[in-house]
file target10.cif (mmCIF, C-alpha atoms and all ligand atoms)
data_coords
loop_
_atom_site.label_atom_id
_atom_site.label_comp_id
_atom_site.auth_asym_id
_atom_site.auth_seq_id
_atom_site.Cartn_x
_atom_site.Cartn_y
_atom_site.Cartn_z
CA MET A 1 -11.60 11.67 8.65
CA ILE A 2 -13.44 12.83 5.56
CA GLN A 3 -11.99 15.22 3.04
CA VAL A 4 -14.82 16.79 1.03
CA VAL A 5 -14.10 17.99 -2.51
CA VAL A 6 -16.77 20.19 -4.10
CA THR A 7 -16.55 20.47 -7.88
CA GLU A 8 -18.34 22.67 -10.44
CA SER A 9 -20.26 19.78 -11.99
CA TYR A 10 -20.76 16.03 -12.06
CA ASP A 11 -18.48 15.88 -15.09
CA ALA A 12 -15.80 17.71 -13.11
CA SER A 13 -16.26 15.24 -10.24
CA CYS A 14 -15.71 12.37 -12.66
CA ALA A 15 -12.61 14.08 -14.08
CA TYR A 16 -11.26 14.63 -10.54
CA VAL A 17 -11.64 10.96 -9.59
CA ALA A 18 -10.34 9.71 -12.96
CA ASP A 19 -7.23 11.89 -12.44
CA MET A 20 -6.70 10.42 -8.96
CA ILE A 21 -6.85 6.91 -10.38
CA CYS A 22 -4.56 7.71 -13.33
CA LYS A 23 -2.03 9.32 -10.99
CA LEU A 24 -2.07 6.28 -8.72
CA VAL A 25 -1.65 3.84 -11.63
CA ASN A 26 1.19 5.92 -13.08
CA GLU A 27 2.98 6.00 -9.72
CA LYS A 28 2.30 2.35 -8.94
CA PRO A 29 1.61 0.39 -12.14
CA ALA A 30 0.86 -2.85 -10.24
CA CYS A 31 -1.59 -1.21 -7.85
CA LYS A 32 -4.80 -2.78 -6.64
CA LEU A 33 -8.07 -0.93 -7.27
CA GLY A 34 -11.37 -1.59 -5.54
CA LEU A 35 -14.09 -0.83 -8.09
CA ALA A 36 -17.78 0.03 -7.89
CA THR A 37 -20.84 -0.19 -10.11
CA GLY A 38 -24.04 1.86 -10.30
CA GLY A 39 -24.81 4.70 -12.68
CA THR A 40 -22.60 7.28 -10.94
CA PRO A 41 -19.12 6.00 -11.91
CA VAL A 42 -19.97 5.31 -15.58
CA PRO A 43 -18.74 8.70 -16.96
CA MET A 44 -15.65 8.38 -14.76
CA TYR A 45 -14.92 4.99 -16.33
CA LYS A 46 -15.32 6.62 -19.78
CA LYS A 47 -12.56 9.06 -18.81
CA LEU A 48 -10.30 6.18 -17.77
CA ILE A 49 -10.95 4.53 -21.15
CA GLU A 50 -10.09 7.78 -22.97
CA ALA A 51 -6.89 8.21 -20.95
CA ASN A 52 -5.88 4.61 -21.62
CA GLN A 53 -6.59 4.87 -25.34
CA ALA A 54 -4.64 8.14 -25.49
CA GLY A 55 -1.63 6.35 -23.96
CA LYS A 56 -1.78 8.36 -20.74
CA VAL A 57 -2.25 5.42 -18.40
CA ASP A 58 -1.37 1.75 -18.57
CA PHE A 59 -3.59 -0.81 -16.81
CA SER A 60 -1.63 -3.90 -17.89
CA ALA A 61 -0.31 -4.63 -14.38
CA VAL A 62 -3.32 -3.37 -12.38
CA ARG A 63 -5.41 -5.76 -10.26
CA THR A 64 -9.02 -5.04 -9.37
CA VAL A 65 -11.63 -6.34 -6.95
CA ASN A 66 -15.25 -5.25 -7.16
CA LEU A 67 -17.40 -4.41 -4.17
CA ASP A 68 -20.38 -6.60 -4.84
CA GLU A 69 -22.55 -8.66 -7.19
CA TYR A 70 -26.20 -9.66 -7.39
CA CYS A 71 -27.09 -13.18 -6.32
CA GLY A 72 -29.00 -15.46 -8.64
CA ILE A 73 -27.86 -14.08 -11.99
CA PRO A 74 -24.77 -15.27 -13.87
CA GLY A 75 -21.88 -13.02 -14.93
CA THR A 76 -23.15 -13.21 -18.51
CA HIS A 77 -26.49 -11.57 -17.54
CA ASP A 78 -26.58 -8.00 -18.82
CA GLN A 79 -27.46 -6.66 -15.34
CA SER A 80 -24.74 -8.57 -13.51
CA TYR A 81 -21.91 -6.46 -12.16
CA ARG A 82 -19.37 -8.64 -13.99
CA TYR A 83 -21.09 -7.74 -17.26
CA PHE A 84 -21.25 -4.08 -16.18
CA MET A 85 -17.51 -3.96 -15.48
CA ASN A 86 -16.63 -5.67 -18.75
CA THR A 87 -18.81 -3.43 -20.89
CA ASN A 88 -18.20 -0.14 -19.05
CA LEU A 89 -14.46 -0.53 -18.51
CA PHE A 90 -12.49 -3.76 -18.87
CA ASP A 91 -13.38 -4.47 -22.54
CA HIS A 92 -12.00 -1.05 -23.52
CA ILE A 93 -8.71 -0.81 -21.61
CA ASN A 94 -5.51 -2.84 -21.65
CA ILE A 95 -6.22 -4.63 -18.38
CA ASP A 96 -5.69 -8.38 -18.11
CA LYS A 97 -9.17 -9.71 -17.22
CA ALA A 98 -7.49 -12.51 -15.27
CA ASN A 99 -6.42 -9.74 -12.86
CA THR A 100 -9.99 -8.56 -12.32
CA TYR A 101 -12.33 -10.10 -9.77
CA VAL A 102 -16.08 -9.74 -9.39
CA ALA A 103 -17.71 -12.03 -6.83
CA GLN A 104 -19.78 -15.00 -7.97
CA GLY A 105 -23.52 -14.44 -7.75
CA MET A 106 -24.35 -18.07 -8.57
CA GLY A 107 -23.52 -21.19 -6.59
CA ASP A 108 -22.83 -21.66 -2.88
CA PRO A 109 -23.30 -18.26 -1.16
CA ALA A 110 -21.04 -19.08 1.81
CA ALA A 111 -18.22 -20.25 -0.44
CA ASN A 112 -18.66 -17.19 -2.67
CA ALA A 113 -18.50 -14.86 0.35
CA ALA A 114 -15.34 -16.61 1.61
CA GLU A 115 -13.79 -16.20 -1.85
CA LEU A 116 -14.64 -12.48 -1.97
CA GLU A 117 -13.23 -11.99 1.52
CA ALA A 118 -9.96 -13.66 0.50
CA LYS A 119 -9.73 -11.53 -2.67
CA VAL A 120 -10.00 -8.31 -0.63
CA TYR A 121 -6.72 -9.15 1.07
CA GLU A 122 -4.92 -11.23 -1.59
CA GLY A 123 -1.59 -9.57 -2.41
CA GLY A 124 -2.45 -6.70 -0.02
CA VAL A 125 -5.46 -4.43 0.39
CA ALA A 126 -6.68 -1.99 -2.26
CA ASP A 127 -4.59 1.13 -2.78
CA LEU A 128 -7.80 2.93 -3.66
CA GLN A 129 -11.39 1.85 -3.14
CA LEU A 130 -13.96 3.62 -5.31
CA LEU A 131 -17.49 3.97 -3.90
CA GLY A 132 -20.89 5.23 -4.93
CA ILE A 133 -23.65 5.67 -2.39
CA GLY A 134 -27.25 4.48 -2.26
CA ASN A 135 -30.13 6.86 -1.57
CA ASN A 136 -30.34 5.36 1.93
CA GLY A 137 -26.60 5.72 2.53
CA HIS A 138 -25.68 2.15 1.65
CA ILE A 139 -22.19 1.53 0.36
CA ALA A 140 -21.51 -1.54 -1.76
CA PHE A 141 -24.63 -3.49 -0.71
CA ASN A 142 -24.26 -2.85 3.03
CA GLU A 143 -27.84 -1.80 3.69
CA ALA A 144 -29.00 0.70 6.31
CA SER A 145 -30.06 -1.40 9.31
CA ASP A 146 -29.66 -1.83 13.10
CA THR A 147 -26.51 -3.85 12.48
CA LEU A 148 -23.81 -4.00 9.82
CA HIS A 149 -21.34 -6.74 8.87
CA ALA A 150 -17.56 -6.44 8.95
CA THR A 151 -16.74 -9.09 6.34
CA ALA A 152 -18.04 -10.32 2.99
CA HIS A 153 -21.55 -11.68 3.26
CA ILE A 154 -24.94 -12.06 1.60
CA GLU A 155 -27.30 -9.13 2.04
CA HIS A 156 -31.08 -8.90 1.65
CA LEU A 157 -31.73 -5.77 -0.38
CA THR A 158 -34.10 -3.15 1.01
CA GLU A 159 -37.19 -1.94 -0.81
CA SER A 160 -35.42 1.42 -1.36
CA THR A 161 -32.48 -0.25 -3.11
CA ILE A 162 -34.67 -2.57 -5.18
CA ASN A 163 -36.77 0.42 -6.29
CA ALA A 164 -33.68 2.49 -7.14
CA ASN A 165 -32.09 -0.33 -9.15
CA ALA A 166 -35.33 -1.34 -10.90
CA ARG A 167 -34.56 1.25 -13.61
CA PHE A 168 -31.93 -1.09 -15.02
CA PHE A 169 -34.25 -4.12 -15.28
CA ALA A 170 -37.22 -4.79 -17.58
CA ARG A 171 -39.50 -5.32 -14.56
CA LYS A 172 -39.11 -4.55 -10.84
CA GLU A 173 -39.78 -8.26 -10.15
CA ASP A 174 -36.58 -9.06 -12.05
CA VAL A 175 -34.34 -7.18 -9.60
CA PRO A 176 -32.51 -9.74 -7.44
CA THR A 177 -33.49 -9.50 -3.76
CA THR A 178 -30.12 -10.65 -2.42
CA ALA A 179 -26.54 -9.72 -3.20
CA ILE A 180 -23.03 -10.66 -2.18
CA THR A 181 -21.02 -7.74 -0.86
CA MET A 182 -17.80 -6.71 0.83
CA GLY A 183 -18.44 -5.91 4.48
CA MET A 184 -17.73 -2.59 6.17
CA GLY A 185 -14.36 -3.80 7.47
CA ASP A 186 -13.32 -4.82 3.96
CA ILE A 187 -14.11 -1.33 2.64
CA LEU A 188 -12.43 0.44 5.55
CA ALA A 189 -9.31 -1.73 5.04
CA ALA A 190 -8.46 0.05 1.75
CA LYS A 191 -5.57 2.53 1.95
CA CYS A 192 -7.71 5.28 0.47
CA VAL A 193 -11.47 5.43 -0.08
CA VAL A 194 -13.01 7.72 -2.72
CA LEU A 195 -16.76 8.20 -2.79
CA ILE A 196 -18.44 10.00 -5.66
CA ALA A 197 -22.02 11.21 -5.44
CA THR A 198 -24.33 13.34 -7.54
CA GLY A 199 -28.05 14.03 -7.75
CA LEU A 200 -30.55 15.30 -5.20
CA ALA A 201 -31.73 11.78 -4.36
CA LYS A 202 -28.45 11.50 -2.44
CA THR A 203 -29.01 14.64 -0.33
CA GLU A 204 -29.95 12.96 2.99
CA ALA A 205 -27.26 10.31 2.71
CA ILE A 206 -24.53 12.88 1.95
CA ARG A 207 -25.80 15.25 4.65
CA GLY A 208 -25.29 12.49 7.20
CA LEU A 209 -21.82 11.88 5.82
CA VAL A 210 -20.40 15.41 5.60
CA MET A 211 -22.39 17.63 7.98
CA SER A 212 -21.63 16.04 11.36
CA ASP A 213 -19.27 13.61 13.02
CA GLU A 214 -22.07 11.20 13.94
CA ILE A 215 -21.81 7.59 12.88
CA THR A 216 -24.94 5.45 12.46
CA THR A 217 -25.60 2.02 10.98
CA HIS A 218 -28.75 3.58 9.49
CA ASN A 219 -26.46 5.48 7.12
CA PRO A 220 -23.63 3.00 6.53
CA SER A 221 -21.55 5.60 4.66
CA THR A 222 -21.03 7.44 7.97
CA MET A 223 -18.57 4.71 9.00
CA LEU A 224 -16.15 6.21 6.49
CA LYS A 225 -15.59 8.93 9.11
CA MET A 226 -13.39 6.41 10.90
CA HIS A 227 -11.14 6.01 7.86
CA PRO A 228 -7.86 7.98 7.92
CA ASN A 229 -7.96 8.74 4.20
CA ALA A 230 -11.50 9.05 2.83
CA VAL A 231 -12.38 11.53 0.08
CA VAL A 232 -15.97 12.46 -0.80
CA VAL A 233 -16.37 14.13 -4.20
CA ILE A 234 -19.64 16.00 -4.77
CA ASP A 235 -20.69 18.69 -7.22
CA LYS A 236 -21.83 22.11 -6.09
CA GLU A 237 -25.50 21.32 -6.77
CA LEU A 238 -25.42 18.50 -4.23
CA ALA A 239 -23.20 20.49 -1.82
CA GLU A 240 -25.75 23.33 -1.84
CA ALA A 241 -28.68 20.94 -1.29
CA VAL A 242 -26.85 19.43 1.67
CA GLY A 243 -25.93 22.85 3.08
CA TYR A 244 -22.20 22.09 2.92
CA LYS A 245 -20.14 25.28 2.84
CA GLY A 246 -16.62 23.89 3.29
C1 LIG B 301 -25.99 -0.10 -6.07
C2 LIG B 301 -24.54 -0.52 -5.84
C3 LIG B 301 -23.77 0.53 -5.07
C4 LIG B 301 -24.02 1.91 -5.69
C5 LIG B 301 -25.49 2.25 -5.60
C6 LIG B 301 -25.84 3.63 -6.15
O1 LIG B 301 -26.84 -0.46 -5.03
N1 LIG B 301 -24.43 -1.76 -5.14
O2 LIG B 301 -22.38 0.22 -5.10
O3 LIG B 301 -23.27 2.88 -5.01
O4 LIG B 301 -26.19 1.27 -6.35
O5 LIG B 301 -25.93 3.59 -7.52
P1 LIG B 301 -26.12 4.84 -8.48
O6 LIG B 301 -24.75 5.36 -8.70
O7 LIG B 301 -26.72 4.25 -9.72
O8 LIG B 301 -27.00 5.80 -7.78
#

call {"tool": "encode", "arguments": {"input": "target10.cif", "output": "structure tokens"}}
result
Amino acid sequence: MIQVVVTESYDASCAYVADMICKLVNEKPACKLGLATGGTPVPMYKKLIEANQAGKVDFSAVRTVNLDEYCGIPGTHDQSYRYFMNTNLFDHINIDKANTYVAQGMGDPAANAAELEAKVYEGGVADLQLLGIGNNGHIAFNEASDTLHATAHIEHLTESTINANARFFARKEDVPTTAITMGMGDILAAKCVVLIATGLAKTEAIRGLVMSDEITTHNPSTMLKMHPNAVVVIDKELAEAVGYKG
């Protein structure tokens, strides 16, 4: 069941989600967070950094597992998701990096997928899984398709995703064409799932998610409707575009 939260602005959405995370960490200092990349959560991560530096939240006992990683680029590459997490969050808060996990994009894909799958469940599932959403409704790198995968696996990225992510690379040809990702079952296993979306490019994907109870593999986010505790945070601009009235 989806709870939809409509905020005044993207900044307010980020503040709402940052508050949820701070509250969770304050109540359960050794909690496990599932984290996401993409442009959308960046200002939310800034708010977590500010809260940590202001002494309002302590990440020293927190464990994290990230949703996904590109294949074929090392964690030192400035477009890898390991690098993204370090520079947008981990380098600026008092987390122990040994307690953070981002899947390996290099090496044996099957072994890397098995390792990611094990990390999803190690010490218990995530207390909160943060999500963004792709323009085509993908979550993590589970692409819109006739079939989806339950467990961690390697995914061939669609043209839509490669085009959307090309803005971060010098050339479109540099965007990796495969990625390692948590599967749908891994995401749905989290105790609470929080998806944040903004921007009109997300209109169709969010419409499918919040305007009906239909579930389709062609909009993977719709599977969140089967989760008992899923929260979708959108700003009023996106809510209006979608036609969501509450
Ligand atoms: C990538 C990530 C997703 C993310 C999506 C949207 O494909 N694998 O986890 O949700 O991009 O990113 P953005 O927030 O930049 O629109």

call {"tool": "residues_around", "arguments": {"input": "target10.cif", "residues": "Asp96 of chain A", "least_positions_apart": "2", "cutoff": "10 Å", "atoms": "only C-alpha atoms", "output": "list in words"}}
result
Phe59, Ser60, Ala61, Val62, Arg63, Thr64, Phe90, Asp91, Ile93, Asn94, Ala98, Asn99 and Thr100 of chain A

call {"tool": "residues_near_ligand", "arguments": {"input": "target10.cif", "ligand": "ligand LIG 301 (chain B)", "cutoff": "10 Å", "atoms": "all atoms listed in the file", "output": "ChimeraX atom specification"}}
result
/A:35-42,66-70,81,130-143,157-158,160-162,164-165,167-168,179-181,195-199,201-202

call {"tool": "closest_residue", "arguments": {"input": "target10.cif", "among": "A:Ala205, A:Cys31, A:Ala111, A:Ala239", "to": "Lys191 of chain A", "atoms": "only C-alpha atoms"}}
result
A:Cys31

call {"tool": "atom_distance", "arguments": {"input": "target10.cif", "atom1": "atom CA of Ile49 of chain A", "atom2": "atom CA of Cys14 of chain A"}}
result
12.5 Å

call {"tool": "atom_distance", "arguments": {"input": "target10.cif", "atom1": "atom CA of Val193 of chain A", "atom2": "atom CA of Ile21 of chain A"}}
result
11.4 Å

call {"tool": "residues_around", "arguments": {"input": "target10.cif", "residues": "segment 222-224 of chain A", "least_positions_apart": "6", "cutoff": "8 Å", "atoms": "all atoms listed in the file", "output": "ChimeraX atom specification"}}
result
/A:1-2,137,184,188,208-209,214-216,230

call {"tool": "atom_distance", "arguments": {"input": "target10.cif", "atom1": "atom CA of Ser221 of chain A", "atom2": "atom CA of Ile206 of chain A"}}
result
8.3 Å

call {"tool": "residues_around", "arguments": {"input": "target10.cif", "residues": "His218 of chain A", "least_positions_apart": "4", "cutoff": "7 Å", "atoms": "all atoms listed in the file", "output": "ChimeraX atom specification"}}
result
/A:144-146

call {"tool": "axis_aligned_box", "arguments": {"input": "target10.cif", "around": "segment 109-122 of chain A", "padding_each_side": "5 Å", "output": "lines of an AutoDock Vina configuration file"}}
result
center_x = -14.1
center_y = -14.3
center_z = -0.4
size_x = 28.4
size_y = 21.9
size_z = 14.5

call {"tool": "closest_residue", "arguments": {"input": "target10.cif", "among": "A:Lys56, A:Met106, A:Ala114, A:Val210", "to": "Lys225 of chain A", "atoms": "only C-alpha atoms"}}
result
A:Val210

call {"tool": "build_atoms", "arguments": {"input": "target10.cif", "residues": "segment 127-156 of chain A", "atoms": "N, CA and C atoms", "output": "mmCIF file, keeping the file's coordinate frame"}}
result
data_model
loop_
_atom_site.group_PDB
_atom_site.id
_atom_site.type_symbol
_atom_site.label_atom_id
_atom_site.label_comp_id
_atom_site.auth_asym_id
_atom_site.auth_seq_id
_atom_site.Cartn_x
_atom_site.Cartn_y
_atom_site.Cartn_z
ATOM 1 N N ASP A 127 -5.228 -0.188 -2.938
ATOM 2 C CA ASP A 127 -4.590 1.130 -2.780
ATOM 3 C C ASP A 127 -5.653 2.206 -2.813
ATOM 4 N N LEU A 128 -6.692 1.967 -3.570
ATOM 5 C CA LEU A 128 -7.800 2.930 -3.660
ATOM 6 C C LEU A 128 -9.093 2.145 -3.827
ATOM 7 N N GLN A 129 -10.074 2.467 -3.009
ATOM 8 C CA GLN A 129 -11.390 1.850 -3.140
ATOM 9 C C GLN A 129 -12.390 2.909 -3.608
ATOM 10 N N LEU A 130 -12.953 2.716 -4.781
ATOM 11 C CA LEU A 130 -13.960 3.620 -5.310
ATOM 12 C C LEU A 130 -15.330 3.232 -4.739
ATOM 13 N N LEU A 131 -16.149 4.236 -4.431
ATOM 14 C CA LEU A 131 -17.490 3.970 -3.900
ATOM 15 C C LEU A 131 -18.514 4.902 -4.527
ATOM 16 N N GLY A 132 -19.722 4.387 -4.729
ATOM 17 C CA GLY A 132 -20.890 5.230 -4.930
ATOM 18 C C GLY A 132 -21.647 5.221 -3.612
ATOM 19 N N ILE A 133 -22.854 5.703 -3.626
ATOM 20 C CA ILE A 133 -23.650 5.670 -2.390
ATOM 21 C C ILE A 133 -25.126 5.491 -2.769
ATOM 22 N N GLY A 134 -25.826 4.667 -2.009
ATOM 23 C CA GLY A 134 -27.250 4.480 -2.260
ATOM 24 C C GLY A 134 -28.047 5.638 -1.665
ATOM 25 N N ASN A 135 -29.290 5.768 -2.093
ATOM 26 C CA ASN A 135 -30.130 6.860 -1.570
ATOM 27 C C ASN A 135 -30.278 6.761 -0.052
ATOM 28 N N ASN A 136 -30.208 5.558 0.481
ATOM 29 C CA ASN A 136 -30.340 5.360 1.930
ATOM 30 C C ASN A 136 -28.978 5.294 2.632
ATOM 31 N N GLY A 137 -27.937 5.691 1.926
ATOM 32 C CA GLY A 137 -26.600 5.720 2.530
ATOM 33 C C GLY A 137 -25.851 4.417 2.437
ATOM 34 N N HIS A 138 -26.422 3.418 1.720
ATOM 35 C CA HIS A 138 -25.680 2.150 1.650
ATOM 36 C C HIS A 138 -24.431 2.306 0.803
ATOM 37 N N ILE A 139 -23.398 1.590 1.186
ATOM 38 C CA ILE A 139 -22.190 1.530 0.360
ATOM 39 C C ILE A 139 -21.925 0.062 0.046
ATOM 40 N N ALA A 140 -21.470 -0.200 -1.176
ATOM 41 C CA ALA A 140 -21.510 -1.540 -1.760
ATOM 42 C C ALA A 140 -22.967 -1.980 -1.596
ATOM 43 N N PHE A 141 -23.230 -3.137 -0.998
ATOM 44 C CA PHE A 141 -24.630 -3.490 -0.710
ATOM 45 C C PHE A 141 -24.845 -3.603 0.785
ATOM 46 N N ASN A 142 -24.055 -2.870 1.577
ATOM 47 C CA ASN A 142 -24.260 -2.850 3.030
ATOM 48 C C ASN A 142 -25.443 -1.934 3.318
ATOM 49 N N GLU A 143 -26.596 -2.555 3.558
ATOM 50 C CA GLU A 143 -27.840 -1.800 3.690
ATOM 51 C C GLU A 143 -27.983 -1.144 5.057
ATOM 52 N N ALA A 144 -28.670 0.009 5.074
ATOM 53 C CA ALA A 144 -29.000 0.700 6.310
ATOM 54 C C ALA A 144 -29.830 -0.246 7.184
ATOM 55 N N SER A 145 -29.411 -0.408 8.438
ATOM 56 C CA SER A 145 -30.060 -1.400 9.310
ATOM 57 C C SER A 145 -29.567 -1.178 10.748
ATOM 58 N N ASP A 146 -30.133 -1.941 11.716
ATOM 59 C CA ASP A 146 -29.660 -1.830 13.100
ATOM 60 C C ASP A 146 -28.245 -2.362 13.264
ATOM 61 N N THR A 147 -27.866 -3.281 12.399
ATOM 62 C CA THR A 147 -26.510 -3.850 12.480
ATOM 63 C C THR A 147 -25.886 -3.873 11.098
ATOM 64 N N LEU A 148 -24.549 -3.874 11.075
ATOM 65 C CA LEU A 148 -23.810 -4.000 9.820
ATOM 66 C C LEU A 148 -22.858 -5.180 9.961
ATOM 67 N N HIS A 149 -22.290 -5.624 8.845
ATOM 68 C CA HIS A 149 -21.340 -6.740 8.870
ATOM 69 C C HIS A 149 -19.943 -6.233 8.551
ATOM 70 N N ALA A 150 -18.946 -6.845 9.181
ATOM 71 C CA ALA A 150 -17.560 -6.440 8.950
ATOM 72 C C ALA A 150 -16.995 -7.091 7.686
ATOM 73 N N THR A 151 -17.398 -8.322 7.419
ATOM 74 C CA THR A 151 -16.740 -9.090 6.340
ATOM 75 C C THR A 151 -17.724 -9.366 5.202
ATOM 76 N N ALA A 152 -17.211 -10.019 4.175
ATOM 77 C CA ALA A 152 -18.040 -10.320 2.990
ATOM 78 C C ALA A 152 -19.199 -11.227 3.382
ATOM 79 N N HIS A 153 -20.349 -10.944 2.859
ATOM 80 C CA HIS A 153 -21.550 -11.680 3.260
ATOM 81 C C HIS A 153 -22.658 -11.501 2.224
ATOM 82 N N ILE A 154 -23.761 -12.198 2.467
ATOM 83 C CA ILE A 154 -24.940 -12.060 1.600
ATOM 84 C C ILE A 154 -25.897 -11.086 2.275
ATOM 85 N N GLU A 155 -26.426 -10.174 1.497
ATOM 86 C CA GLU A 155 -27.300 -9.130 2.040
ATOM 87 C C GLU A 155 -28.681 -9.206 1.392
ATOM 88 N N HIS A 156 -29.720 -9.024 2.201
ATOM 89 C CA HIS A 156 -31.080 -8.900 1.650
ATOM 90 C C HIS A 156 -31.282 -7.439 1.286
#
